[in-house]
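Next comes my_file.cif, with mmCIF, C-alpha atoms.
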data_run
#
loop_
_atom_site.label_atom_id
_atom_site.label_comp_id
_atom_site.auth_asym_id
_atom_site.auth_seq_id
_atom_site.Cartn_x
_atom_site.Cartn_y
_atom_site.Cartn_z
CA MET A 1 -17.90 -52.97 26.23
CA LYS A 2 -16.71 -53.83 22.74
CA LYS A 3 -19.53 -51.81 21.21
CA SER A 4 -18.66 -48.84 23.45
CA LEU A 5 -15.00 -49.03 22.49
CA LEU A 6 -15.91 -49.23 18.81
CA ALA A 7 -18.24 -46.23 19.16
CA ILE A 8 -15.55 -44.18 20.91
CA ALA A 9 -12.99 -45.14 18.26
CA ALA A 10 -15.37 -44.17 15.47
CA MET A 11 -16.17 -40.80 17.09
CA THR A 12 -12.47 -40.11 17.62
CA ALA A 13 -11.70 -40.94 13.99
CA PHE A 14 -14.56 -38.72 12.79
CA ALA A 15 -13.43 -35.82 14.98
CA GLY A 16 -9.88 -36.19 13.72
CA ALA A 17 -11.02 -36.19 10.11
CA ALA A 18 -13.22 -33.13 10.66
CA GLN A 19 -10.36 -31.32 12.37
CA ALA A 20 -8.02 -32.18 9.51
CA GLN A 21 -10.41 -30.53 7.06
CA SER A 22 -10.06 -27.08 8.67
CA SER A 23 -7.01 -25.12 9.80
CA VAL A 24 -6.11 -21.76 11.31
CA THR A 25 -2.65 -20.23 11.01
CA VAL A 26 -1.18 -17.41 13.07
CA TYR A 27 1.48 -15.53 11.09
CA GLY A 28 3.33 -12.27 11.09
CA ILE A 29 6.39 -10.13 10.42
CA ILE A 30 8.53 -8.07 12.79
CA ASP A 31 10.75 -5.57 10.95
CA VAL A 32 12.91 -3.13 12.97
CA GLY A 33 16.17 -1.26 12.55
CA VAL A 34 17.93 2.10 12.51
CA MET A 35 17.85 4.72 9.78
CA GLY A 36 18.98 8.16 8.78
CA ALA A 37 17.65 10.74 6.34
CA THR A 38 18.83 14.06 4.99
CA ASN A 39 16.49 17.06 4.69
CA SER A 40 14.08 15.27 6.97
CA PRO A 41 11.59 15.96 9.74
CA ASN A 42 11.77 14.01 12.99
CA LEU A 43 11.92 10.27 12.28
CA ASN A 44 10.50 9.04 15.56
CA ALA A 45 7.30 11.07 15.58
CA THR A 46 4.52 9.04 17.14
CA PRO A 47 1.78 8.00 14.71
CA TRP A 48 -0.76 9.55 17.08
CA GLY A 49 -1.22 13.28 17.44
CA GLU A 50 -1.18 15.15 20.74
CA SER A 51 -4.97 15.13 20.82
CA GLY A 52 -5.00 11.34 20.49
CA THR A 53 -5.90 11.39 16.81
CA PRO A 54 -4.00 9.52 14.10
CA TYR A 55 -1.03 11.42 12.69
CA VAL A 56 -1.63 12.52 9.10
CA SER A 57 0.71 15.04 7.56
CA THR A 58 -1.52 16.89 5.14
CA SER A 59 0.97 19.61 4.32
CA VAL A 60 4.47 18.21 4.26
CA LYS A 61 5.88 21.66 3.51
CA THR A 62 5.03 22.76 7.05
CA VAL A 63 6.78 19.88 8.85
CA ASN A 64 9.96 19.27 6.83
CA THR A 65 13.26 20.84 7.82
CA SER A 66 16.63 20.99 6.15
CA GLY A 67 18.32 18.97 8.90
CA GLN A 68 19.61 15.39 9.00
CA ALA A 69 17.86 12.94 11.30
CA PHE A 70 18.90 9.55 12.68
CA GLY A 71 16.64 7.26 14.65
CA MET A 72 14.79 3.98 14.89
CA MET A 73 13.20 2.43 11.80
CA THR A 74 10.02 0.38 11.72
CA GLY A 75 8.98 -1.52 8.62
CA GLY A 76 12.01 -0.70 6.50
CA GLU A 77 11.53 -3.72 4.23
CA SER A 78 8.03 -4.89 5.23
CA MET A 79 5.40 -3.44 7.53
CA SER A 80 5.30 -5.36 10.81
CA ARG A 81 2.06 -7.30 11.02
CA LEU A 82 0.07 -9.96 12.82
CA GLY A 83 -2.49 -12.11 11.05
CA PHE A 84 -4.89 -15.00 11.38
CA LYS A 85 -5.86 -16.97 8.29
CA GLY A 86 -7.66 -20.23 7.83
CA SER A 87 -9.51 -22.56 5.52
CA GLU A 88 -12.14 -25.28 5.78
CA ASP A 89 -12.44 -28.08 3.24
CA LEU A 90 -16.04 -28.16 2.01
CA GLY A 91 -15.46 -31.00 -0.42
CA GLY A 92 -15.44 -31.12 -4.22
CA GLY A 93 -12.34 -28.92 -4.42
CA THR A 94 -14.02 -26.04 -2.57
CA LYS A 95 -12.74 -24.36 0.58
CA ALA A 96 -14.04 -21.62 2.84
CA ILE A 97 -11.23 -19.14 3.60
CA PHE A 98 -10.66 -16.07 5.76
CA ASP A 99 -7.88 -13.64 6.63
CA LEU A 100 -7.58 -11.05 9.41
CA GLU A 101 -4.39 -8.96 9.32
CA MET A 102 -3.30 -5.94 11.33
CA GLY A 103 -0.24 -3.74 10.95
CA PHE A 104 1.70 -2.39 13.90
CA ASN A 105 4.51 0.06 14.52
CA GLY A 106 7.84 -0.40 16.23
CA ASN A 107 6.47 1.12 19.43
CA GLY A 108 3.74 -1.52 19.55
CA SER A 109 0.83 0.70 18.48
CA VAL A 110 -1.65 -0.30 15.78
CA ALA A 111 -0.45 1.11 12.47
CA ALA A 112 -2.10 4.42 11.68
CA ALA A 113 0.18 4.99 8.71
CA ASN A 114 2.62 3.28 6.42
CA ALA A 115 6.04 3.11 8.05
CA GLY A 116 7.29 4.85 4.98
CA VAL A 117 7.23 8.29 3.48
CA THR A 118 4.70 11.05 3.90
CA SER A 119 4.61 12.09 0.26
CA GLY A 120 5.69 10.53 -3.00
CA ASN A 121 7.88 13.48 -3.95
CA LYS A 122 8.89 14.99 -0.63
CA ALA A 123 11.18 13.96 2.20
CA ASN A 124 10.92 10.77 4.23
CA VAL A 125 9.08 10.33 7.51
CA GLN A 126 7.67 7.28 9.25
CA GLY A 127 4.03 8.28 9.15
CA GLY A 128 1.57 9.90 6.81
CA ASP A 129 -1.55 9.59 4.74
CA THR A 130 -2.39 5.95 4.17
CA ALA A 131 -5.20 3.44 3.83
CA LEU A 132 -4.32 2.31 7.36
CA GLN A 133 -5.77 4.69 9.92
CA GLY A 134 -5.57 2.76 13.17
CA GLN A 135 -8.12 0.03 12.37
CA LEU A 136 -7.53 -3.20 14.29
CA PHE A 137 -7.45 -5.34 11.12
CA GLY A 138 -6.72 -2.55 8.66
CA ARG A 139 -4.56 -4.61 6.30
CA ALA A 140 -7.16 -7.36 5.67
CA ALA A 141 -10.51 -8.54 7.00
CA TYR A 142 -12.28 -10.81 4.54
CA ALA A 143 -13.87 -14.22 4.03
CA GLY A 144 -14.54 -16.14 0.85
CA LEU A 145 -14.79 -19.34 -1.15
CA SER A 146 -12.00 -20.96 -3.16
CA ASN A 147 -12.46 -23.64 -5.81
CA ASP A 148 -9.74 -25.54 -7.65
CA LYS A 149 -11.44 -25.04 -11.03
CA PHE A 150 -13.40 -21.81 -10.76
CA GLY A 151 -11.12 -19.55 -8.72
CA THR A 152 -11.56 -17.56 -5.51
CA ILE A 153 -14.09 -14.92 -4.48
CA MET A 154 -13.53 -12.81 -1.37
CA ALA A 155 -15.70 -10.25 0.44
CA GLY A 156 -14.47 -7.67 2.95
CA ARG A 157 -11.47 -5.37 3.37
CA GLN A 158 -8.63 -6.26 1.02
CA GLN A 159 -5.95 -4.84 -1.25
CA ASN A 160 -6.58 -3.09 -4.54
CA LEU A 161 -5.47 -5.13 -7.57
CA MET A 162 -2.64 -2.67 -8.20
CA LEU A 163 -1.27 -3.01 -4.68
CA ASP A 164 -1.48 -6.80 -5.07
CA ASN A 165 0.65 -6.56 -8.20
CA ILE A 166 3.37 -4.15 -7.07
CA GLY A 167 5.11 -6.59 -4.71
CA GLY A 168 6.01 -9.02 -7.49
CA TYR A 169 7.17 -6.39 -9.98
CA ASP A 170 9.01 -3.85 -7.83
CA PRO A 171 12.78 -4.40 -8.23
CA VAL A 172 13.49 -2.93 -4.78
CA ASN A 173 10.55 -4.43 -2.94
CA ALA A 174 11.16 -2.59 0.34
CA GLN A 175 8.66 -0.28 1.98
CA LEU A 176 11.04 2.51 3.01
CA PHE A 177 13.39 2.33 0.01
CA SER A 178 11.00 2.24 -2.95
CA PRO A 179 8.53 5.00 -3.91
CA ILE A 180 5.95 2.59 -5.35
CA ASN A 181 6.06 0.71 -2.02
CA PHE A 182 5.86 3.59 0.45
CA SER A 183 3.52 5.86 -1.47
CA GLY A 184 0.12 4.20 -1.46
CA SER A 185 -1.22 6.36 -4.28
CA TYR A 186 0.47 4.05 -6.82
CA GLY A 187 -1.18 0.98 -5.31
CA GLY A 188 -4.46 2.88 -5.00
CA GLY A 189 -4.73 4.00 -8.60
CA GLY A 190 -4.15 7.67 -7.78
CA TYR A 191 -5.21 8.14 -4.14
CA THR A 192 -3.70 6.30 -1.18
CA ASP A 193 -7.05 5.63 0.51
CA ASP A 194 -7.99 3.30 -2.36
CA SER A 195 -4.99 0.99 -2.01
CA ARG A 196 -7.24 -1.01 0.34
CA VAL A 197 -11.00 -1.18 -0.16
CA THR A 198 -13.98 -3.01 1.29
CA GLY A 199 -15.67 -4.94 -1.47
CA LEU A 200 -15.67 -8.08 -3.64
CA LYS A 201 -12.63 -9.55 -5.37
CA TYR A 202 -12.50 -12.47 -7.80
CA VAL A 203 -9.17 -14.18 -8.58
CA TYR A 204 -8.74 -16.83 -11.28
CA ASN A 205 -5.54 -18.73 -12.15
CA ASN A 206 -5.17 -21.51 -14.71
CA SER A 207 -1.95 -22.79 -16.31
CA GLY A 208 -0.14 -19.49 -15.73
CA PHE A 209 -2.99 -17.26 -16.93
CA ASN A 210 -4.73 -15.02 -14.41
CA GLY A 211 -7.84 -12.87 -14.61
CA ASN A 212 -8.94 -10.82 -11.59
CA LEU A 213 -11.88 -8.48 -10.89
CA LEU A 214 -12.59 -5.99 -8.09
CA TYR A 215 -15.84 -4.26 -7.16
CA ALA A 216 -16.20 -2.10 -4.06
CA PRO A 217 -19.58 -0.30 -3.90
CA GLY A 218 -19.74 3.05 -2.16
CA GLY A 219 -23.04 2.52 -0.35
CA VAL A 220 -24.14 6.17 -0.74
CA SER A 221 -27.91 6.66 -0.73
CA GLY A 222 -29.30 7.81 -4.05
CA GLN A 223 -25.93 7.71 -5.84
CA SER A 224 -25.04 4.18 -6.95
CA THR A 225 -21.62 5.15 -8.35
CA ALA A 226 -20.47 7.48 -5.54
CA GLY A 227 -17.44 6.12 -3.72
CA THR A 228 -17.33 3.03 -5.93
CA THR A 229 -14.08 1.33 -7.00
CA THR A 230 -13.86 -1.09 -9.93
CA GLY A 231 -10.83 -2.89 -11.29
CA ALA A 232 -9.78 -5.60 -13.76
CA GLN A 233 -6.52 -7.45 -14.33
CA VAL A 234 -5.19 -9.94 -16.88
CA GLY A 235 -1.75 -11.48 -16.99
CA TYR A 236 0.44 -14.50 -17.49
CA GLU A 237 3.11 -15.92 -15.18
CA ALA A 238 5.58 -18.46 -16.61
CA THR A 239 8.61 -20.00 -14.93
CA LYS A 240 11.03 -17.31 -16.11
CA TRP A 241 8.81 -14.37 -17.09
CA GLY A 242 5.55 -12.63 -16.36
CA VAL A 243 3.38 -9.76 -17.63
CA GLN A 244 0.38 -8.04 -16.05
CA ALA A 245 -2.09 -5.34 -17.16
CA ILE A 246 -4.49 -3.64 -14.72
CA ALA A 247 -7.15 -0.93 -14.96
CA SER A 248 -8.76 0.75 -11.94
CA HIS A 249 -11.35 3.48 -11.45
CA THR A 250 -12.78 5.13 -8.35
CA THR A 251 -15.64 7.62 -8.43
CA ASP A 252 -15.27 10.21 -5.64
CA ALA A 253 -12.05 8.78 -4.23
CA THR A 254 -11.08 10.27 -0.86
CA SER A 255 -7.69 11.53 0.21
CA LEU A 256 -6.57 12.90 3.56
CA ALA A 257 -3.63 14.72 1.96
CA GLY A 258 -3.45 17.83 -0.16
CA VAL A 259 -6.71 19.28 1.05
CA THR A 260 -5.50 22.80 0.32
CA VAL A 261 -5.96 22.00 -3.38
CA GLY A 262 -9.54 22.40 -4.50
CA THR A 263 -12.75 24.09 -3.53
CA ALA A 264 -14.18 23.89 -0.03
CA LEU A 265 -17.66 22.44 0.15
CA THR A 266 -18.28 22.84 3.86
CA PRO A 267 -17.01 25.65 6.09
CA PRO A 268 -14.84 26.52 7.88
CA ALA A 269 -11.75 26.86 5.72
CA TYR A 270 -9.04 24.23 6.11
CA THR A 271 -6.13 26.56 6.71
CA SER A 272 -7.62 28.17 9.80
CA THR A 273 -9.23 25.17 11.46
CA ILE A 274 -7.21 22.03 10.79
CA SER A 275 -3.97 21.41 12.65
CA ASN A 276 -0.78 20.15 10.99
CA ASN A 277 -1.62 16.53 11.73
CA GLY A 278 -4.61 16.81 9.40
CA THR A 279 -7.34 16.67 12.02
CA ALA A 280 -9.69 19.21 13.47
CA ALA A 281 -8.29 20.48 16.74
CA GLY A 282 -9.52 18.39 19.65
CA SER A 283 -11.39 15.80 17.58
CA ASN A 284 -10.84 12.71 15.46
CA ALA A 285 -12.45 14.30 12.41
CA VAL A 286 -10.50 14.97 9.22
CA ALA A 287 -10.73 17.04 6.08
CA VAL A 288 -10.87 15.02 2.85
CA THR A 289 -10.39 15.82 -0.81
CA LEU A 290 -12.64 14.10 -3.37
CA ALA A 291 -11.61 13.23 -6.93
CA ASN A 292 -12.39 10.77 -9.70
CA THR A 293 -9.31 8.61 -10.26
CA THR A 294 -8.53 6.33 -13.20
CA ALA A 295 -5.28 4.40 -13.54
CA TYR A 296 -3.63 1.86 -15.82
CA MET A 297 -0.65 -0.29 -14.85
CA PHE A 298 1.57 -2.49 -17.03
CA THR A 299 4.36 -4.60 -15.54
CA ALA A 300 6.86 -7.17 -16.81
CA LYS A 301 9.70 -9.32 -15.48
CA TYR A 302 12.18 -11.69 -17.06
CA GLN A 303 14.71 -14.09 -15.52
CA VAL A 304 17.72 -13.57 -17.77
CA LEU A 305 19.96 -15.92 -15.77
CA ASP A 306 19.31 -18.24 -12.87
CA ALA A 307 20.61 -15.49 -10.58
CA LEU A 308 19.43 -12.39 -12.49
CA THR A 309 15.83 -11.12 -12.87
CA LEU A 310 14.86 -7.87 -14.61
CA LYS A 311 11.67 -6.01 -13.65
CA ALA A 312 9.91 -2.97 -15.12
CA GLY A 313 6.58 -1.20 -14.94
CA TYR A 314 4.53 1.79 -16.02
CA GLU A 315 1.46 3.41 -14.47
CA ARG A 316 -0.70 6.22 -15.76
CA GLU A 317 -2.84 8.02 -13.17
CA ASN A 318 -5.58 10.46 -14.15
CA ILE A 319 -6.97 12.64 -11.34
CA GLY A 320 -10.19 14.49 -12.13
CA THR A 321 -12.96 16.47 -10.50
CA PRO A 322 -15.43 14.35 -8.46
CA SER A 323 -18.83 13.35 -9.80
CA ASN A 324 -20.90 13.51 -6.62
CA SER A 325 -19.17 15.89 -4.25
CA GLN A 326 -22.44 17.40 -3.09
CA VAL A 327 -23.58 14.17 -1.39
CA TYR A 328 -20.52 13.99 0.87
CA SER A 329 -21.16 17.05 2.99
CA GLY A 330 -22.85 14.91 5.64
CA LEU A 331 -20.82 11.73 5.12
CA PRO A 332 -20.07 10.35 8.61
CA ILE A 333 -16.83 8.46 7.86
CA THR A 334 -14.25 7.99 5.11
CA PRO A 335 -13.31 4.56 3.72
CA SER A 336 -10.31 4.75 6.08
CA GLY A 337 -12.56 5.03 9.13
CA TYR A 338 -12.25 8.74 9.99
CA SER A 339 -15.12 11.09 10.71
CA VAL A 340 -15.37 13.87 8.13
CA TYR A 341 -14.77 17.41 9.33
CA GLY A 342 -14.55 19.20 6.00
CA VAL A 343 -15.08 18.05 2.39
CA TYR A 344 -13.20 19.48 -0.57
CA ALA A 345 -13.56 18.87 -4.29
CA ASN A 346 -10.45 18.50 -6.41
CA ALA A 347 -10.63 21.51 -8.72
CA TYR A 348 -8.28 20.38 -11.51
CA ASN A 349 -7.87 17.55 -14.01
CA TYR A 350 -4.30 16.34 -14.23
CA SER A 351 -2.36 13.15 -14.87
CA GLN A 352 0.80 11.49 -13.62
CA ASN A 353 3.20 9.08 -15.31
CA VAL A 354 5.13 6.60 -13.17
CA ALA A 355 7.84 4.41 -14.72
CA TRP A 356 10.37 2.10 -13.12
CA GLY A 357 12.99 -0.52 -13.92
CA GLY A 358 15.61 -2.54 -12.11
CA ALA A 359 17.08 -5.91 -11.30
CA ASN A 360 17.49 -8.56 -8.60
CA TYR A 361 20.69 -10.60 -8.43
CA GLN A 362 21.15 -13.67 -6.21
CA PHE A 363 24.90 -13.62 -5.48
CA THR A 364 24.71 -16.68 -3.22
CA PRO A 365 21.80 -18.64 -1.73
CA ALA A 366 21.98 -16.25 1.24
CA ILE A 367 22.83 -12.90 -0.40
CA LYS A 368 20.59 -10.95 -2.78
CA GLY A 369 21.10 -7.49 -4.22
CA SER A 370 18.44 -5.22 -5.75
CA LEU A 371 18.70 -2.01 -7.78
CA GLY A 372 15.89 0.22 -8.99
CA TYR A 373 15.23 3.49 -10.80
CA TYR A 374 11.85 5.26 -10.54
CA TYR A 375 10.62 8.29 -12.48
CA VAL A 376 7.46 10.30 -11.78
CA SER A 377 6.19 13.18 -13.92
CA THR A 378 3.04 15.24 -13.43
CA LEU A 379 1.37 16.55 -16.58
CA SER A 380 -0.74 19.68 -16.59
CA TYR A 381 -4.45 19.91 -17.30
CA ALA A 382 -5.67 23.46 -16.57
CA GLY A 383 -2.23 24.45 -15.33
CA LYS A 384 -1.99 22.03 -12.40
CA LEU A 385 1.64 21.14 -11.52
CA GLY A 386 2.83 21.14 -15.10
CA GLY A 387 6.33 19.76 -15.60
CA ALA A 388 6.90 18.55 -12.03
CA THR A 389 9.21 15.51 -11.88
CA SER A 390 10.78 13.26 -9.26
CA GLN A 391 13.54 10.67 -9.66
CA TYR A 392 14.49 7.93 -7.22
CA PHE A 393 17.62 5.75 -7.16
CA SER A 394 17.33 2.77 -4.80
CA ALA A 395 19.53 -0.12 -3.67
CA LEU A 396 18.91 -2.95 -1.21
CA ALA A 397 21.09 -5.82 0.05
CA ASP A 398 19.57 -8.84 1.83
CA TYR A 399 21.44 -11.44 3.88
CA SER A 400 19.39 -14.46 4.95
CA LEU A 401 20.34 -15.92 8.32
CA SER A 402 17.67 -18.59 7.87
CA LYS A 403 14.44 -19.13 5.93
CA ARG A 404 12.61 -16.83 8.35
CA THR A 405 15.21 -14.24 9.39
CA ASN A 406 17.21 -11.80 7.29
CA LEU A 407 19.34 -8.69 7.70
CA TYR A 408 19.13 -5.88 5.16
CA ALA A 409 20.73 -2.56 4.21
CA GLY A 410 18.99 -0.03 2.00
CA VAL A 411 19.49 3.42 0.51
CA MET A 412 17.29 5.66 -1.62
CA ALA A 413 18.21 9.01 -3.16
CA ASN A 414 15.41 11.35 -4.26
CA ASN A 415 15.88 14.24 -6.71
CA ASN A 416 12.96 16.58 -7.50
CA SER A 417 12.43 19.32 -10.02
CA ALA A 418 11.80 22.78 -8.59
CA ALA A 419 8.03 22.29 -8.97
CA ASN A 420 8.21 19.39 -6.54
CA GLY A 421 10.62 21.04 -4.14
CA TYR A 422 9.59 22.35 -0.75
CA ALA A 423 10.60 25.17 1.53
CA PRO A 424 12.35 24.23 4.79
CA THR A 425 11.15 25.54 8.13
CA THR A 426 14.43 27.43 8.39
CA GLY A 427 16.43 28.90 5.55
CA ALA A 428 15.48 30.36 2.19
CA ASN A 429 16.75 27.76 -0.27
CA LEU A 430 14.28 25.36 -1.84
CA ILE A 431 14.91 21.69 -0.97
CA THR A 432 14.83 19.32 -3.93
CA THR A 433 16.93 16.34 -2.76
CA SER A 434 16.90 13.84 0.09
CA VAL A 435 18.66 10.56 0.93
CA THR A 436 17.31 7.77 3.13
CA TYR A 437 19.49 4.94 4.43
CA GLY A 438 19.04 2.21 7.01
CA LEU A 439 20.01 -1.14 8.49
CA GLY A 440 17.33 -3.55 9.64
CA MET A 441 16.33 -7.05 10.67
CA ARG A 442 13.17 -8.84 9.56
CA HIS A 443 11.73 -12.00 11.08
CA THR A 444 8.69 -13.83 9.74
CA PHE A 445 6.65 -16.37 11.68
#
Using the file provided, produce a representation of the structure as structure tokens.
Amino acid sequence: MKKSLLAIAAMTAFAGAAQAQSSVTVYGIIDVGVMGATNSPNLNATPWGESGTPYVSTSVKTVNTSGQAFGMMTGGESMSRLGFKGSEDLGGGTKAIFDLEMGFNGNGSVAAANAGVTSGNKANVQGGDTALQGQLFGRAAYAGLSNDKFGTIMAGRQQNLMLDNIGGYDPVNAQLFSPINFSGSYGGGGYTDDSRVTGLKYVYNNSGFNGNLLYAPGGVSGQSTAGTTTGAQVGYEATKWGVQAIASHTTDATSLAGVTVGTALTPPAYTSTISNNGTAAGSNAVAVTLANTTAYMFTAKYQVLDALTLKAGYERENIGTPSNSQVYSGLPITPSGYSVYGVYANAYNYSQNVAWGGANYQFTPAIKGSLGYYYVSTLSYAGKLGGATSQYFSALADYSLSKRTNLYAGVMANNNSAANGYAPTTGANLITTSVTYGLGMRHTF
């Protein structure tokens, strides 16, 4: 009997120790509210088209109106999400890790788009081209190994290095009230689809210094560089300041927006066969534009006072003609998970400058205010969009009810040059301005 009791006690202790070495956490965010926007399309458009295909506004000029809209807001500060992450202690300072994360909309559907703005220089709408196209775990699906000395390596679907960096250096870090938050092209190094990639990422941190690498192979037969994304990052984070530098390149990046720009590779022509939601009528296939994208990002922040932090950044995006457009005519799916209906090659080389600056101020332990200014200019190579500019003025106020629940109010004013204006569905005057405002509640768990 004594031996049996000792055996049971030993097994129980062993099981408890083994269980303590591994853990799984369920986490998430629910972010809902009300919002209004001037010069806006409908705010409550479902993220799924009438034919059951994901909503992708490929030509924002055809869906915007000059009216003011007021409706429900989803993901005003952060996209609502549900995730499962875990780790297992393997000994010697090494852990096995994983993360599965899905985004969802205020109506409960799986996120098929950012709950932000359709285009970086057009009016606001809660849906549009994005790296999330209705996948179950579209935000993250990776596993990896983490070591206390040698860093972390992850394999699977994960964020681009630039998207990783934006959250810590955006003064108004709110999805619906900051252009570098809602427009995924900035986090994707030029094209939104590349803000999340399926590949390998290595992250190293030591005494404030960080060095990160990203490699996402395209997997195209006979073309080792086609569809491939590479990235590198170096930086330093101290108690009161931080700086980061990132470079990213994608060969044959895909975009579901702007397909009217470029040369068609496969018939029929886009304008006569693709509906306004960006899909072929009656199917889940899409038209994509291919381009080589290269981007450089530099960011900095400094805590001037205990309550005041300044943040600034600059990104240069170069959009060029694709290297291997001929191999994509029969490509079955895009990196976002869509079937390809038509393939187009970007026909111009052009670049875009993105600069921003702003501040966070902690008025009380519960109240924080944020201000930001963002400037985007498109430079012409071969006459493409020369001189087009957009300016954004953003403000956000947060009130924390607890560590997990906060209320917020945000506003963003957008002013475009004529080259970035758009024609309303009614009326003759070109629209160059819009204002977005909203009140929301965010709960994390």
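Taken over the shown file, the PyMOL selection byres ((chain A and resi 30) around 8) identifies Gly28, Ile29, Asp31, Val32, Gly75, Met79, Ser80, Arg81, Arg442, His443 and Thr444 of chain A.
Comparing A:Ala388, A:Ala291, A:Leu90, A:Val220 by their smallest distance to Ser323 of chain A, the closest is A:Ala291 (using only C-alpha atoms).
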Exercise for the section: Using all atoms listed in the file, pick whichever of A:Met162, A:Ala247, A:Ala413, A:Ala96 has the shortest atom-to-atom distance to Thr433 of chain A. Expected result: A:Ala413
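We find atom CA of Gly372 of chain A and atom CA of Asn318 of chain A to be spaced 24.3 Å apart.
Among the candidates A:Gly33, A:Gly199, A:Gly231, A:Gly151, the residue lying nearest to Gly187 of chain A is A:Gly231 (atoms considered: all atoms listed in the file).
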Practice task
I need the residue set behind the PyMOL selection byres ((chain A and resi 397) around 6) for this file; please write it as an MDAnalysis selection string.
Solution key: chainID A and resid 368:369 396 398 408:409
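The interatomic distance for the pair atom CA of Ala131 of chain A and atom CA of Val288 of chain A works out to 12.9 Å.
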Exercise for the section: Output the residue selection produced by the PyMOL selection byres ((chain A and resi 175) around 7) on the file above, formatted as a ChimeraX atom specification. Expected result: /A:75-78,116,173-174,176-178,181-182
Completion exercise
Here atom CA of Pro171 of chain A and atom CA of Asp99 of chain A stand apart by 27.1 Å
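Among A:Gln244, A:Ser22, A:Ser434, A:Gln68, the residue with the shortest atom-to-atom distance to Met297 of chain A, counting all atoms listed in the file, is A:Gln244.
Using only C-alpha atoms, the shortest contact distance between Gly440 of chain A and any of A:Thr228, A:Thr198, A:Gln158, A:Thr74 is found at A:Thr74.
With all atoms listed in the file as the atoms that count, the minimum distance from Tyr399 of chain A to the choices A:Val26, A:Gln362, A:Asp164, A:Thr289 is reached by A:Gln362.
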Exercise for the section: List the neighbours of Val34 of chain A out to 8 Å using only C-alpha atoms; skip same-chain residues closer than 3 positions along the sequence, and give me the result as a PyMOL selection string. Expected result: chain A and resi 70-73+438-440
For the residues in that selection, give me C-alpha atoms as a compact mmCIF listing (two decimals), keeping the file's coordinate frame.
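File again26.txt, as written:
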# COMPACT_ATOMS: atom_id res chain seq x y z
CA PHE A 70 18.90 9.55 12.68
CA GLY A 71 16.64 7.26 14.65
CA MET A 72 14.79 3.98 14.89
CA MET A 73 13.20 2.43 11.80
CA GLY A 438 19.04 2.21 7.01
CA LEU A 439 20.01 -1.14 8.49
CA GLY A 440 17.33 -3.55 9.64
Put the listed atoms of segment 301-306 of chain A in a box along x, y and z with 8 Å added on every side and give me the centre and edge lengths in Å to one decimal, as lines of an AutoDock Vina configuration file.
center_x = 14.8
center_y = -13.8
center_z = -15.3
size_x = 26.3
size_y = 24.9
size_z = 20.9
Handout entry: Shell around segment 207-214 of chain A at 7 Å using only C-alpha atoms, local window under 6 positions removed, as a list of chain:residue names
Key = A:Leu200, A:Lys201, A:Thr230, A:Gly231, A:Ala232, A:Gln233, A:Val234, A:Gly235, A:Tyr236, A:Glu237, A:Ala238
Emit the selected residues as an mmCIF file, in the frame of the given file, including C-alpha atoms.
data_model
loop_
_atom_site.group_PDB
_atom_site.id
_atom_site.type_symbol
_atom_site.label_atom_id
_atom_site.label_comp_id
_atom_site.auth_asym_id
_atom_site.auth_seq_id
_atom_site.Cartn_x
_atom_site.Cartn_y
_atom_site.Cartn_z
ATOM 1 C CA LEU A 200 -15.670 -8.080 -3.640
ATOM 2 C CA LYS A 201 -12.630 -9.550 -5.370
ATOM 3 C CA THR A 230 -13.860 -1.090 -9.930
ATOM 4 C CA GLY A 231 -10.830 -2.890 -11.290
ATOM 5 C CA ALA A 232 -9.780 -5.600 -13.760
ATOM 6 C CA GLN A 233 -6.520 -7.450 -14.330
ATOM 7 C CA VAL A 234 -5.190 -9.940 -16.880
ATOM 8 C CA GLY A 235 -1.750 -11.480 -16.990
ATOM 9 C CA TYR A 236 0.440 -14.500 -17.490
ATOM 10 C CA GLU A 237 3.110 -15.920 -15.180
ATOM 11 C CA ALA A 238 5.580 -18.460 -16.610
#
